[in-house]
$ cat model15.json   # JSON, C-alpha atoms
[["chain", "number", "residue", "atom", "x", "y", "z"],
["A", 1, "MET", "CA", -87.33, -35.53, 2.41],
["A", 2, "GLU", "CA", -86.87, -34.02, -1.08],
["A", 3, "ASP", "CA", -85.84, -30.62, 0.43],
["A", 4, "VAL", "CA", -83.26, -32.36, 2.61],
["A", 5, "SER", "CA", -81.79, -34.20, -0.40],
["A", 6, "VAL", "CA", -81.53, -30.99, -2.46],
["A", 7, "GLY", "CA", -79.83, -29.16, 0.41],
["A", 8, "PHE", "CA", -77.43, -32.03, 0.85],
["A", 9, "VAL", "CA", -76.53, -32.01, -2.85],
["A", 10, "VAL", "CA", -75.98, -28.22, -2.80],
["A", 11, "ARG", "CA", -73.59, -28.54, 0.13],
["A", 12, "ILE", "CA", -71.67, -31.28, -1.65],
["A", 13, "VAL", "CA", -71.37, -29.16, -4.82],
["A", 14, "LEU", "CA", -70.18, -26.10, -2.88],
["A", 15, "SER", "CA", -67.63, -28.22, -1.02],
["A", 16, "LEU", "CA", -66.25, -29.57, -4.30],
["A", 17, "ILE", "CA", -65.99, -26.06, -5.75],
["A", 18, "ALA", "CA", -64.13, -24.81, -2.66],
["A", 19, "ALA", "CA", -61.77, -27.80, -2.79],
["A", 20, "GLY", "CA", -61.08, -27.12, -6.46],
["A", 21, "ILE", "CA", -60.27, -23.47, -5.84],
["A", 22, "LEU", "CA", -57.96, -24.39, -2.95],
["A", 23, "TYR", "CA", -56.18, -26.97, -5.15],
["A", 24, "ILE", "CA", -55.60, -24.39, -7.90],
["A", 25, "LEU", "CA", -54.20, -21.85, -5.44],
["A", 26, "LEU", "CA", -51.85, -24.37, -3.88],
["A", 27, "SER", "CA", -50.71, -25.58, -7.29],
["A", 28, "ARG", "CA", -49.91, -22.05, -8.43],
["A", 29, "ARG", "CA", -47.95, -21.33, -5.28],
["A", 30, "GLY", "CA", -45.86, -24.47, -5.60],
["A", 31, "ASP", "CA", -45.21, -24.20, -9.34],
["A", 32, "PRO", "CA", -41.42, -23.83, -9.74],
["A", 33, "SER", "CA", -41.86, -22.26, -13.19],
["A", 34, "ARG", "CA", -43.55, -19.23, -11.70],
["A", 35, "PRO", "CA", -41.38, -16.43, -10.30],
["A", 36, "ALA", "CA", -41.15, -16.38, -6.55],
["A", 37, "LYS", "CA", -42.99, -13.59, -4.84],
["A", 38, "GLN", "CA", -40.89, -10.97, -3.21],
["A", 39, "THR", "CA", -41.52, -11.38, 0.49],
["A", 40, "LYS", "CA", -38.98, -8.92, 1.78],
["A", 41, "ALA", "CA", -40.61, -5.54, 2.16],
["A", 42, "LYS", "CA", -38.73, -2.57, 0.83],
["A", 43, "VAL", "CA", -38.05, 0.08, 3.40],
["A", 44, "SER", "CA", -37.87, 3.61, 2.14],
["A", 45, "LYS", "CA", -35.47, 6.15, 3.55],
["A", 46, "LYS", "CA", -38.40, 8.01, 5.05],
["A", 47, "SER", "CA", -39.68, 4.96, 6.91],
["A", 48, "ARG", "CA", -36.35, 4.01, 8.47],
["A", 49, "SER", "CA", -35.99, 4.73, 12.13],
["A", 50, "PRO", "CA", -33.51, 7.45, 13.09],
["A", 51, "ALA", "CA", -31.44, 4.87, 14.94],
["A", 52, "SER", "CA", -30.79, 2.94, 11.71],
["A", 53, "LYS", "CA", -29.88, 5.95, 9.58],
["A", 54, "SER", "CA", -26.35, 7.00, 8.85],
["A", 55, "VAL", "CA", -25.53, 10.66, 9.25],
["A", 56, "HIS", "CA", -24.08, 10.41, 5.74],
["A", 57, "ASP", "CA", -26.88, 9.67, 3.26],
["A", 58, "SER", "CA", -24.64, 8.12, 0.62],
["A", 59, "GLU", "CA", -24.18, 5.01, 2.77],
["A", 60, "SER", "CA", -27.49, 3.71, 1.42],
["A", 61, "GLU", "CA", -25.80, 3.38, -1.98],
["A", 62, "PHE", "CA", -23.70, 0.45, -0.76],
["A", 63, "SER", "CA", -25.19, -2.75, 0.58],
["A", 64, "ASP", "CA", -23.59, -4.13, 3.72],
["A", 65, "GLU", "CA", -24.28, -7.66, 2.49],
["A", 66, "PRO", "CA", -21.35, -9.55, 0.91],
["A", 67, "ASP", "CA", -21.49, -9.83, -2.84],
["A", 68, "HIS", "CA", -22.44, -13.20, -4.36],
["A", 69, "PRO", "CA", -19.12, -14.86, -5.22],
["A", 70, "LEU", "CA", -20.35, -16.41, -8.46],
["A", 71, "GLN", "CA", -22.39, -13.54, -9.84],
["A", 72, "GLU", "CA", -21.38, -12.55, -13.37],
["A", 73, "SER", "CA", -22.94, -11.45, -16.66],
["A", 74, "ASP", "CA", -23.24, -13.74, -19.66],
["A", 75, "ASP", "CA", -21.06, -11.50, -21.82],
["A", 76, "GLU", "CA", -18.18, -11.39, -19.35],
["A", 77, "GLU", "CA", -15.14, -13.59, -19.54],
["A", 78, "ASP", "CA", -14.32, -15.85, -16.63],
["A", 79, "PRO", "CA", -11.10, -14.44, -15.10],
["A", 80, "GLY", "CA", -10.20, -17.93, -13.90],
["A", 81, "ALA", "CA", -10.04, -19.10, -17.51],
["A", 82, "ALA", "CA", -7.78, -16.16, -18.33],
["A", 83, "LEU", "CA", -5.40, -17.19, -15.54],
["A", 84, "GLU", "CA", -5.00, -20.59, -17.13],
["A", 85, "ARG", "CA", -3.64, -18.89, -20.25],
["A", 86, "LEU", "CA", -0.94, -17.06, -18.32],
["A", 87, "PRO", "CA", 2.58, -18.39, -18.82],
["A", 88, "ARG", "CA", 3.66, -20.73, -16.06],
["A", 89, "VAL", "CA", 6.87, -20.25, -14.08],
["A", 90, "LYS", "CA", 8.67, -22.54, -11.69],
["A", 91, "LEU", "CA", 7.66, -22.10, -8.07],
["A", 92, "ASP", "CA", 10.33, -20.35, -6.00],
["A", 93, "HIS", "CA", 10.17, -22.42, -2.82],
["A", 94, "GLN", "CA", 12.90, -23.18, -0.30],
["A", 95, "PRO", "CA", 12.04, -26.32, 1.70],
["A", 96, "MET", "CA", 13.15, -26.61, 5.31],
["A", 97, "GLU", "CA", 14.19, -29.51, 7.42],
["A", 98, "ALA", "CA", 11.69, -30.44, 10.13],
["A", 99, "GLU", "CA", 13.82, -29.03, 12.96],
["A", 100, "GLN", "CA", 14.30, -25.66, 11.24],
["A", 101, "MET", "CA", 10.62, -25.54, 10.28],
["A", 102, "CYS", "CA", 9.44, -26.11, 13.84],
["A", 103, "ARG", "CA", 11.91, -23.59, 15.23],
["A", 104, "LYS", "CA", 10.91, -20.84, 12.78],
["A", 105, "ALA", "CA", 7.20, -21.52, 13.32],
["A", 106, "ARG", "CA", 7.71, -21.31, 17.08],
["A", 107, "GLU", "CA", 9.72, -18.09, 16.81],
["A", 108, "PHE", "CA", 7.08, -16.49, 14.60],
["A", 109, "TYR", "CA", 4.33, -17.49, 17.02],
["A", 110, "GLU", "CA", 6.24, -15.99, 19.94],
["A", 111, "LEU", "CA", 6.68, -12.76, 17.99],
["A", 112, "MET", "CA", 3.01, -12.53, 17.01],
["A", 113, "ASN", "CA", 1.83, -13.49, 20.49],
["A", 114, "LYS", "CA", 3.24, -10.14, 21.64],
["A", 115, "ARG", "CA", 0.89, -8.28, 19.27],
["A", 116, "ARG", "CA", -1.58, -6.16, 21.18],
["A", 117, "THR", "CA", -4.19, -3.57, 20.32],
["A", 118, "VAL", "CA", -2.89, -0.11, 21.29],
["A", 119, "ARG", "CA", -4.95, 3.07, 21.51],
["A", 120, "THR", "CA", -2.34, 5.62, 22.59],
["A", 121, "PHE", "CA", 0.38, 6.58, 20.11],
["A", 122, "SER", "CA", 3.66, 8.43, 20.14],
["A", 123, "THR", "CA", 4.14, 11.32, 17.72],
["A", 124, "ARG", "CA", 7.51, 9.83, 16.71],
["A", 125, "PRO", "CA", 7.69, 9.82, 12.89],
["A", 126, "VAL", "CA", 7.40, 6.55, 10.98],
["A", 127, "PRO", "CA", 9.37, 6.14, 7.73],
["A", 128, "LEU", "CA", 7.03, 6.16, 4.74],
["A", 129, "GLU", "CA", 9.13, 3.41, 3.19],
["A", 130, "ALA", "CA", 8.17, 1.10, 6.05],
["A", 131, "VAL", "CA", 4.48, 1.87, 5.51],
["A", 132, "GLU", "CA", 4.79, 1.20, 1.78],
["A", 133, "ASN", "CA", 6.38, -2.19, 2.38],
["A", 134, "ILE", "CA", 3.68, -3.05, 4.94],
["A", 135, "VAL", "CA", 1.05, -2.37, 2.28],
["A", 136, "ARG", "CA", 3.08, -4.40, -0.23],
["A", 137, "VAL", "CA", 2.83, -7.35, 2.15],
["A", 138, "ALA", "CA", -0.97, -6.98, 2.21],
["A", 139, "GLY", "CA", -0.87, -6.99, -1.59],
["A", 140, "THR", "CA", 0.66, -10.48, -1.62],
["A", 141, "SER", "CA", -2.57, -11.92, -0.19],
["A", 142, "PRO", "CA", -4.55, -14.52, -2.16],
["A", 143, "SER", "CA", -7.85, -13.43, -3.73],
["A", 144, "GLY", "CA", -10.74, -14.93, -5.66],
["A", 145, "ALA", "CA", -9.64, -15.37, -9.31],
["A", 146, "HIS", "CA", -6.68, -13.11, -8.49],
["A", 147, "THR", "CA", -8.89, -10.02, -8.70],
["A", 148, "GLU", "CA", -7.10, -8.38, -5.73],
["A", 149, "PRO", "CA", -10.23, -6.54, -4.50],
["A", 150, "TRP", "CA", -8.62, -4.09, -2.09],
["A", 151, "THR", "CA", -7.46, -0.49, -1.94],
["A", 152, "TYR", "CA", -5.37, 0.89, 0.93],
["A", 153, "VAL", "CA", -5.55, 4.65, 1.46],
["A", 154, "VAL", "CA", -2.59, 5.89, 3.53],
["A", 155, "VAL", "CA", -3.29, 9.18, 5.31],
["A", 156, "GLY", "CA", -0.45, 11.24, 6.77],
["A", 157, "ASP", "CA", -1.86, 14.73, 6.29],
["A", 158, "PRO", "CA", -2.94, 16.13, 9.69],
["A", 159, "VAL", "CA", -5.97, 17.92, 8.24],
["A", 160, "MET", "CA", -7.28, 14.78, 6.55],
["A", 161, "LYS", "CA", -6.68, 12.73, 9.70],
["A", 162, "GLY", "CA", -8.80, 15.27, 11.56],
["A", 163, "GLN", "CA", -11.55, 14.89, 8.96],
["A", 164, "VAL", "CA", -11.45, 11.12, 9.29],
["A", 165, "ARG", "CA", -11.74, 11.42, 13.07],
["A", 166, "GLN", "CA", -14.68, 13.81, 12.77],
["A", 167, "ILE", "CA", -16.54, 11.47, 10.39],
["A", 168, "ILE", "CA", -15.99, 8.37, 12.50],
["A", 169, "GLU", "CA", -16.70, 9.95, 15.90],
["A", 170, "ARG", "CA", -19.91, 11.50, 14.58],
["A", 171, "GLU", "CA", -21.20, 8.07, 13.61],
["A", 172, "GLU", "CA", -19.73, 6.28, 16.63],
["A", 173, "GLU", "CA", -21.54, 8.58, 19.04],
["A", 174, "VAL", "CA", -24.82, 7.55, 17.42],
["A", 175, "ASN", "CA", -23.69, 3.90, 17.38],
["A", 176, "TYR", "CA", -23.02, 3.88, 21.12],
["A", 177, "ASP", "CA", -26.14, 5.86, 21.90],
["A", 178, "ARG", "CA", -28.72, 4.04, 19.75],
["A", 179, "ARG", "CA", -27.47, 1.54, 17.18],
["A", 180, "MET", "CA", -25.50, -0.86, 19.36],
["A", 181, "GLY", "CA", -27.21, -3.14, 21.81],
["A", 182, "SER", "CA", -26.66, -2.65, 25.52],
["A", 183, "ALA", "CA", -24.72, -5.93, 25.74],
["A", 184, "TRP", "CA", -22.24, -4.74, 23.11],
["A", 185, "VAL", "CA", -21.72, -1.40, 24.85],
["A", 186, "LYS", "CA", -21.09, -3.14, 28.17],
["A", 187, "ASP", "CA", -18.63, -5.62, 26.61],
["A", 188, "VAL", "CA", -16.47, -2.94, 24.98],
["A", 189, "ALA", "CA", -16.66, -0.83, 28.14],
["A", 190, "LEU", "CA", -14.58, -3.55, 29.84],
["A", 191, "LEU", "CA", -11.80, -2.65, 27.44],
["A", 192, "GLY", "CA", -12.14, 1.05, 28.19],
["A", 193, "THR", "CA", -13.42, 2.11, 24.77],
["A", 194, "ASP", "CA", -16.09, 4.59, 23.75],
["A", 195, "PHE", "CA", -16.98, 6.73, 20.74],
["A", 196, "SER", "CA", -13.97, 9.05, 21.21],
["A", 197, "LYS", "CA", -11.06, 8.16, 18.87],
["A", 198, "PRO", "CA", -8.17, 10.59, 19.55],
["A", 199, "TYR", "CA", -5.68, 8.08, 18.15],
["A", 200, "LEU", "CA", -7.01, 8.82, 14.66],
["A", 201, "GLU", "CA", -5.11, 12.12, 14.84],
["A", 202, "GLU", "CA", -2.26, 11.08, 17.16],
["A", 203, "ALA", "CA", -0.87, 8.25, 15.03],
["A", 204, "PRO", "CA", 1.60, 9.32, 12.30],
["A", 205, "TYR", "CA", -0.38, 7.43, 9.64],
["A", 206, "LEU", "CA", -3.82, 5.97, 9.07],
["A", 207, "ILE", "CA", -4.29, 3.05, 6.72],
["A", 208, "ILE", "CA", -7.89, 2.78, 5.53],
["A", 209, "ALA", "CA", -8.78, -0.55, 3.94],
["A", 210, "PHE", "CA", -11.39, -0.50, 1.16],
["A", 211, "GLU", "CA", -13.11, -3.57, -0.25],
["A", 212, "GLN", "CA", -13.71, -3.47, -4.02],
["A", 213, "THR", "CA", -16.85, -5.32, -5.09],
["A", 214, "SER", "CA", -15.97, -4.85, -8.76],
["A", 215, "GLY", "CA", -13.39, -3.26, -11.01],
["A", 216, "VAL", "CA", -12.78, -2.38, -14.64],
["A", 217, "ARG", "CA", -11.12, -4.70, -17.13],
["A", 218, "PRO", "CA", -8.55, -3.47, -19.68],
["A", 219, "ASP", "CA", -11.30, -3.42, -22.32],
["A", 220, "GLY", "CA", -13.40, -1.09, -20.15],
["A", 221, "LYS", "CA", -15.99, -3.71, -19.18],
["A", 222, "LYS", "CA", -17.02, -4.43, -15.60],
["A", 223, "GLN", "CA", -14.87, -6.95, -13.77],
["A", 224, "HIS", "CA", -16.63, -8.80, -10.95],
["A", 225, "HIS", "CA", -14.54, -9.42, -7.87],
["A", 226, "TYR", "CA", -15.29, -12.87, -6.50],
["A", 227, "TYR", "CA", -15.31, -13.40, -2.73],
["A", 228, "SER", "CA", -14.31, -9.75, -2.34],
["A", 229, "ARG", "CA", -15.24, -9.53, 1.35],
["A", 230, "LEU", "CA", -13.25, -12.64, 2.24],
["A", 231, "SER", "CA", -10.30, -11.71, 0.03],
["A", 232, "ALA", "CA", -10.04, -8.17, 1.41],
["A", 233, "SER", "CA", -10.27, -9.48, 4.98],
["A", 234, "ILE", "CA", -7.43, -11.96, 4.43],
["A", 235, "SER", "CA", -5.33, -9.14, 2.97],
["A", 236, "ALA", "CA", -6.08, -6.95, 5.99],
["A", 237, "GLY", "CA", -4.97, -9.78, 8.27],
["A", 238, "MET", "CA", -1.63, -9.90, 6.49],
["A", 239, "LEU", "CA", -1.42, -6.11, 6.86],
["A", 240, "LEU", "CA", -1.87, -6.43, 10.63],
["A", 241, "THR", "CA", 0.85, -9.08, 10.75],
["A", 242, "ALA", "CA", 3.25, -6.88, 8.76],
["A", 243, "ILE", "CA", 2.57, -3.89, 11.04],
["A", 244, "HIS", "CA", 3.59, -5.89, 14.09],
["A", 245, "TYR", "CA", 6.55, -7.50, 12.31],
["A", 246, "ALA", "CA", 7.84, -3.99, 11.50],
["A", 247, "GLY", "CA", 7.82, -3.05, 15.18],
["A", 248, "LEU", "CA", 4.74, -0.83, 15.02],
["A", 249, "VAL", "CA", 1.34, -0.98, 16.72],
["A", 250, "THR", "CA", -2.25, -0.39, 15.68],
["A", 251, "VAL", "CA", -5.90, -0.74, 16.67],
["A", 252, "THR", "CA", -8.50, -2.27, 14.38],
["A", 253, "SER", "CA", -11.16, 0.41, 14.11],
["A", 254, "THR", "CA", -14.29, -0.55, 12.17],
["A", 255, "PRO", "CA", -16.01, 2.52, 10.70],
["A", 256, "LEU", "CA", -19.60, 1.43, 11.26],
["A", 257, "ASN", "CA", -21.98, 3.59, 9.18],
["A", 258, "ALA", "CA", -19.13, 5.87, 8.08],
["A", 259, "TYR", "CA", -18.39, 3.93, 4.90],
["A", 260, "GLY", "CA", -20.00, 6.37, 2.49],
["A", 261, "ALA", "CA", -18.49, 9.50, 4.02],
["A", 262, "LEU", "CA", -14.99, 8.00, 3.97],
["A", 263, "ARG", "CA", -15.46, 6.87, 0.39],
["A", 264, "ASP", "CA", -16.45, 10.39, -0.65],
["A", 265, "LEU", "CA", -13.66, 12.02, 1.37],
["A", 266, "PHE", "CA", -11.03, 10.13, -0.60],
["A", 267, "GLY", "CA", -12.82, 10.18, -3.92],
["A", 268, "ARG", "CA", -13.22, 6.43, -4.14],
["A", 269, "PRO", "CA", -15.83, 4.90, -6.48],
["A", 270, "LYS", "CA", -19.16, 3.57, -5.25],
["A", 271, "THR", "CA", -17.91, 0.03, -5.83],
["A", 272, "GLU", "CA", -15.58, 0.41, -2.85],
["A", 273, "LYS", "CA", -16.39, 0.26, 0.85],
["A", 274, "ALA", "CA", -14.14, 1.23, 3.76],
["A", 275, "PHE", "CA", -14.24, -1.63, 6.24],
["A", 276, "LEU", "CA", -11.21, -1.03, 8.45],
["A", 277, "VAL", "CA", -9.29, 2.01, 9.72],
["A", 278, "LEU", "CA", -5.84, 1.29, 11.14],
["A", 279, "PRO", "CA", -3.83, 4.03, 12.86],
["A", 280, "ILE", "CA", -0.19, 2.93, 12.87],
["A", 281, "GLY", "CA", 2.86, 4.15, 14.72],
["A", 282, "TYR", "CA", 4.89, 3.63, 17.87],
["A", 283, "PRO", "CA", 3.11, 3.22, 21.21],
["A", 284, "SER", "CA", 3.17, 6.14, 23.61],
["A", 285, "GLU", "CA", 5.61, 5.83, 26.50],
["A", 286, "ASP", "CA", 2.77, 5.36, 28.98],
["A", 287, "ALA", "CA", 0.77, 2.94, 26.79],
["A", 288, "THR", "CA", -1.07, 0.20, 28.67],
["A", 289, "VAL", "CA", -3.15, -2.73, 27.43],
["A", 290, "PRO", "CA", -5.80, -4.91, 29.10],
["A", 291, "ASP", "CA", -4.47, -8.00, 30.87],
["A", 292, "LEU", "CA", -6.05, -10.46, 28.46],
["A", 293, "VAL", "CA", -5.50, -14.21, 28.13],
["A", 294, "ARG", "CA", -5.74, -15.84, 24.71],
["A", 295, "LYS", "CA", -7.44, -19.17, 24.17],
["A", 296, "PRO", "CA", -5.10, -22.17, 24.41],
["A", 297, "LEU", "CA", -4.41, -24.33, 21.36],
["A", 298, "ASP", "CA", -6.86, -27.06, 22.35],
["A", 299, "GLU", "CA", -9.71, -24.52, 22.21],
["A", 300, "ILE", "CA", -8.93, -23.23, 18.71],
["A", 301, "MET", "CA", -7.59, -26.33, 16.94],
["A", 302, "LEU", "CA", -9.10, -29.76, 16.32],
["A", 303, "LEU", "CA", -6.89, -32.62, 15.11],
["A", 304, "LYS", "CA", -8.69, -35.49, 13.37]]

$ encode --input "model15.json" --output "structure tokens"
Amino acid sequence: MEDVSVGFVVRIVLSLIAAGILYILLSRRGDPSRPAKQTKAKVSKKSRSPASKSVHDSESEFSDEPDHPLQESDDEEDPGAALERLPRVKLDHQPMEAEQMCRKAREFYELMNKRRTVRTFSTRPVPLEAVENIVRVAGTSPSGAHTEPWTYVVVGDPVMKGQVRQIIEREEEVNYDRRMGSAWVKDVALLGTDFSKPYLEEAPYLIIAFEQTSGVRPDGKKQHHYYSRLSASISAGMLLTAIHYAGLVTVTSTPLNAYGALRDLFGRPKTEKAFLVLPIGYPSEDATVPDLVRKPLDEIMLLK
């Protein structure tokens, strides 16, 4: 009976010790004052699969994730506060009567509803002045803290257009072969697209849109660009609108995995990333487009 009692006591003591250790471990894990453990494993260049690698190694220098809109250093001035110190001017706004407003809105919709993606271009020259004003329109876009985080590289030189095509097609061939899922490849096949991009040389001009994640202030210090991805995308949307308004056509080509090579080709800093390549010009005489139907208003707008 005594041996049974001693064994029982030992088991109780061991159970209490185990419970205490478990409590300490759980407490340490849940302590908010302790730094969180890094759970995301770092993947070295050597361990990445060939399908995920870019042909151009410098792409790894630029994260594809959007920058945090509120990230800034303690010693940097808030650009929003600086804007408040700018002199104020009266808004130049011309109000319209309801009838005129509705008519102009309808006319603009009818114009933009004719916009289509075109992949075959005429070699007919486009006035550079028109291109410059198209880019000026994109520059009127709103941006986080008015940091204007975009650069538009206009390429008219035939040799450089050929280099752009070579860079993009090299990556696109890998994209179609390995990087893209089969569903994606099948979906774009319905539109008749593949890795070949002859329009990058056929169009009179290419406009390459770069997102700036940061810039340099007049005092030489780093200037964070807030909501740079969103701001640059809005600006590019205005660029597309201006292209169509000017009577020209384009195709929105996204240079997947060619960002670094394009950045180096044009000597842009590592804080910039090419996210859109737009060949612009007149459509070829035999240009055709898919017979698409856009969503009706009740599928894209909710009125509450």

$ closest_residue --input "model15.json" --among "A:Val216, A:Leu91, A:Ala246, A:Leu265" --to "Gly162 (chain A)" --atoms "all atoms listed in the file"
A:Leu265

$ atom_distance --input "model15.json" --atom1 "CA of Arg263 (chain A)" --atom2 "CA of Val277 (chain A)"
12.2 Å

$ closest_residue --input "model15.json" --among "A:Lys221, A:His146, A:Arg165, A:Arg136" --to "Ser253 (chain A)" --atoms "only C-alpha atoms"
A:Arg165

$ residues_around --input "model15.json" --residues "Ala138 (chain A)" --least-positions-apart "3" --cutoff "6 Å" --atoms "only C-alpha atoms" --output "PDB file with C-alpha atoms, in the coordinates of the input"
ATOM      1  CA  VAL A 135       1.050  -2.370   2.280  1.00  0.00           C
ATOM      2  CA  SER A 141      -2.570 -11.920  -0.190  1.00  0.00           C
ATOM      3  CA  SER A 235      -5.330  -9.140   2.970  1.00  0.00           C
ATOM      4  CA  MET A 238      -1.630  -9.900   6.490  1.00  0.00           C
ATOM      5  CA  LEU A 239      -1.420  -6.110   6.860  1.00  0.00           C
TER       6      LEU A 239
END

$ residues_around --input "model15.json" --residues "Pro198 (chain A)" --least-positions-apart "2" --cutoff "10 Å" --atoms "all atoms listed in the file" --output "ChimeraX atom specification"
/A:119-121,162,165-166,169,195-196,200-203

$ closest_residue --input "model15.json" --among "A:Pro149, A:Lys114, A:Lys197, A:Val126" --to "Gln163 (chain A)" --atoms "all atoms listed in the file"
A:Lys197

$ atom_distance --input "model15.json" --atom1 "CA of Trp150 (chain A)" --atom2 "CA of Ala232 (chain A)"
5.6 Å

$ residues_near_point --input "model15.json" --point "(-5.8, 11.3, 4.9)" --cutoff "9 Å" --atoms "all atoms listed in the file" --output "list in words"
Val153, Val154, Val155, Gly156, Asp157, Pro158, Val159, Met160, Lys161, Gly162, Gln163, Val164, Tyr205, Leu206, Ile207, Ile208, Leu265 and Phe266 of chain A

$ closest_residue --input "model15.json" --among "A:Leu262, A:Glu272, A:Thr241, A:Ser231" --to "Pro142 (chain A)" --atoms "only C-alpha atoms"
A:Ser231

$ atom_distance --input "model15.json" --atom1 "CA of Glu173 (chain A)" --atom2 "CA of Lys273 (chain A)"
20.7 Å

$ closest_residue --input "model15.json" --among "A:Thr193, A:Thr271, A:Asn113, A:Ser228" --to "His244 (chain A)" --atoms "all atoms listed in the file"
A:Asn113

$ residues_near_point --input "model15.json" --point "(1.1, 2.6, 29.7)" --cutoff "12 Å" --atoms "all atoms listed in the file" --output "PyMOL selection string"
chain A and resi 118-122+283-290

$ build_atoms --input "model15.json" --residues "region 124-137 of chain A" --atoms "N, CA, C and O atoms" --output "mmCIF file, in the coordinates of the input"
data_model
loop_
_atom_site.group_PDB
_atom_site.id
_atom_site.type_symbol
_atom_site.label_atom_id
_atom_site.label_comp_id
_atom_site.auth_asym_id
_atom_site.auth_seq_id
_atom_site.Cartn_x
_atom_site.Cartn_y
_atom_site.Cartn_z
ATOM 1 N N ARG A 124 6.237 10.152 17.388
ATOM 2 C CA ARG A 124 7.510 9.830 16.710
ATOM 3 C C ARG A 124 7.233 9.471 15.251
ATOM 4 O O ARG A 124 6.380 8.629 14.960
ATOM 5 N N PRO A 125 7.946 10.074 14.318
ATOM 6 C CA PRO A 125 7.690 9.820 12.890
ATOM 7 C C PRO A 125 7.974 8.362 12.506
ATOM 8 O O PRO A 125 8.842 7.705 13.087
ATOM 9 N N VAL A 126 7.228 7.893 11.532
ATOM 10 C CA VAL A 126 7.400 6.550 10.980
ATOM 11 C C VAL A 126 7.852 6.702 9.528
ATOM 12 O O VAL A 126 7.243 7.464 8.767
ATOM 13 N N PRO A 127 8.908 6.016 9.116
ATOM 14 C CA PRO A 127 9.370 6.140 7.730
ATOM 15 C C PRO A 127 8.278 5.692 6.742
ATOM 16 O O PRO A 127 7.687 4.615 6.915
ATOM 17 N N LEU A 128 8.031 6.507 5.740
ATOM 18 C CA LEU A 128 7.030 6.160 4.740
ATOM 19 C C LEU A 128 7.404 4.866 4.027
ATOM 20 O O LEU A 128 6.525 4.070 3.648
ATOM 21 N N GLU A 129 8.687 4.630 3.850
ATOM 22 C CA GLU A 129 9.130 3.410 3.190
ATOM 23 C C GLU A 129 8.645 2.167 3.926
ATOM 24 O O GLU A 129 8.255 1.164 3.304
ATOM 25 N N ALA A 130 8.664 2.233 5.257
ATOM 26 C CA ALA A 130 8.170 1.100 6.050
ATOM 27 C C ALA A 130 6.688 0.885 5.807
ATOM 28 O O ALA A 130 6.226 -0.260 5.651
ATOM 29 N N VAL A 131 5.921 1.974 5.755
ATOM 30 C CA VAL A 131 4.480 1.870 5.510
ATOM 31 C C VAL A 131 4.217 1.273 4.129
ATOM 32 O O VAL A 131 3.346 0.419 3.955
ATOM 33 N N GLU A 132 4.968 1.718 3.139
ATOM 34 C CA GLU A 132 4.790 1.200 1.780
ATOM 35 C C GLU A 132 5.049 -0.298 1.709
ATOM 36 O O GLU A 132 4.308 -1.036 1.059
ATOM 37 N N ASN A 133 6.088 -0.752 2.404
ATOM 38 C CA ASN A 133 6.380 -2.190 2.380
ATOM 39 C C ASN A 133 5.350 -2.994 3.158
ATOM 40 O O ASN A 133 5.052 -4.142 2.813
ATOM 41 N N ILE A 134 4.771 -2.396 4.203
ATOM 42 C CA ILE A 134 3.680 -3.050 4.940
ATOM 43 C C ILE A 134 2.487 -3.268 4.018
ATOM 44 O O ILE A 134 1.879 -4.345 3.992
ATOM 45 N N VAL A 135 2.159 -2.244 3.224
ATOM 46 C CA VAL A 135 1.050 -2.370 2.280
ATOM 47 C C VAL A 135 1.395 -3.370 1.184
ATOM 48 O O VAL A 135 0.532 -4.124 0.712
ATOM 49 N N ARG A 136 2.662 -3.409 0.767
ATOM 50 C CA ARG A 136 3.080 -4.400 -0.230
ATOM 51 C C ARG A 136 2.828 -5.819 0.278
ATOM 52 O O ARG A 136 2.425 -6.701 -0.481
ATOM 53 N N VAL A 137 3.091 -6.034 1.567
ATOM 54 C CA VAL A 137 2.830 -7.350 2.150
ATOM 55 C C VAL A 137 1.350 -7.708 2.022
ATOM 56 O O VAL A 137 0.984 -8.822 1.631
#
